[in-house]
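For reference, the structure is listed below as structure tokens.
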Amino acid sequence: MERIAVFPGSFDPFTIGHEAIVKRALPLFEKIIIAIGHNKEKKCYFPLDKRVKWIKKVFKDELRVEVAVFEGLTIDFCHKRGVKYILRGLRTSTDFEYERMIAQTNKFMAPDIESVFLLTTPELTAIHSTTIRDILKHGGDVSRFVPKEIDLDSI
Ligand code: ADP
């Protein structure tokens, strides 16, 4: 069976922190599905179609990366796609506590799925989509925090 991981998130926007996690996980998996969780009730900063387009652009030369959109539970999406691994990144102990709660709950509900965590490299620990959105709201330049293929002004 193919070793496939789903990397779920809102990616609002996709950052160099996310990019690094995917690149470091590629040697571990045959394929990675970057899955944008879409919740009609939750308002995101960037439109869904742009988030999809930007991530596809970043990995246009990497055939083992797919970009998908899903609604509902990550474990349901994994089951639908026959995926056994959920990939997540860990920056801080705050991330750890949140991720622990989600991963342990997922394990109760879907014992066939394993969550796999990669610790961020130190220089990327401070990179949060939330901070990037705040900088943007105040007219700041965030280009250094997103992959070079992404032009956030193109919305
Ligand atoms: P969510 O919407 O689920 O909170 P995000 O879209 O913010 O998730 O991020 C998706 C995943 O990427 C999460 O596991 C998050 O911890 C991880 N992540 C985000 N930023 C970084 C970073 N700078 N370094 C490592 N992992 C990160």
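For the structure tokens, the naming scheme is as follows: chains receive sequential letters (A, B, ...) according to their order of presentation, residues are indexed from 1 within each chain, and ligands are indexed from 1 in presentation order.
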Please identify all protein, DNA and RNA residues within 8 Å of ligand 1, counting only C-alpha atoms and all ligand atoms, and report them as a PyMOL selection string.
chain A and resi 7-18+20-21+36-37+87-91+95+99+117-121+124-130
DSSP strand (DSSP E or B) residues within range 9-155 of chain A, as an MDAnalysis selection string:
chainID A and resid 9 31:37 65:70 85:90 114:119
What does the structure give for the distance between CA of Arg133 in chain A and CA of Ala5 in chain A, in Å to one decimal?
27.2 Å
Need to verify the contact set: Val83 in chain A, 9 Å, only C-alpha atoms, exclusion of same-chain residues closer than 2 positions in sequence. Can you return it as a list in words?
Glu2, Arg3, Ile4, Ala5, Val6, Ile75, Phe77, Cys78, His79, Lys80, Arg81, Tyr85, Ile86 and Ile113 of chain A
So which residues of range 18-151 of chain A fall under alpha helix (DSSP H) by DSSP, listed as a VMD selection string?
chain A and resid 18 to 25 48 to 58 74 to 81 93 to 109 129 to 137
Skipping near chain neighbours, those fewer than 3 positions away, what residues fall within 12 Å of range 47-59 of chain A using only C-alpha atoms, listed as a PyMOL selection string?
chain A and resi 9-16+18-20+22-23+26+32-40+42-44+62-70+146-155
Nearest to Leu136 in chain A, chosen from A:Glu97, A:Asp76, A:Tyr45, A:Val116, with only C-alpha atoms counted in the distances
A:Tyr45
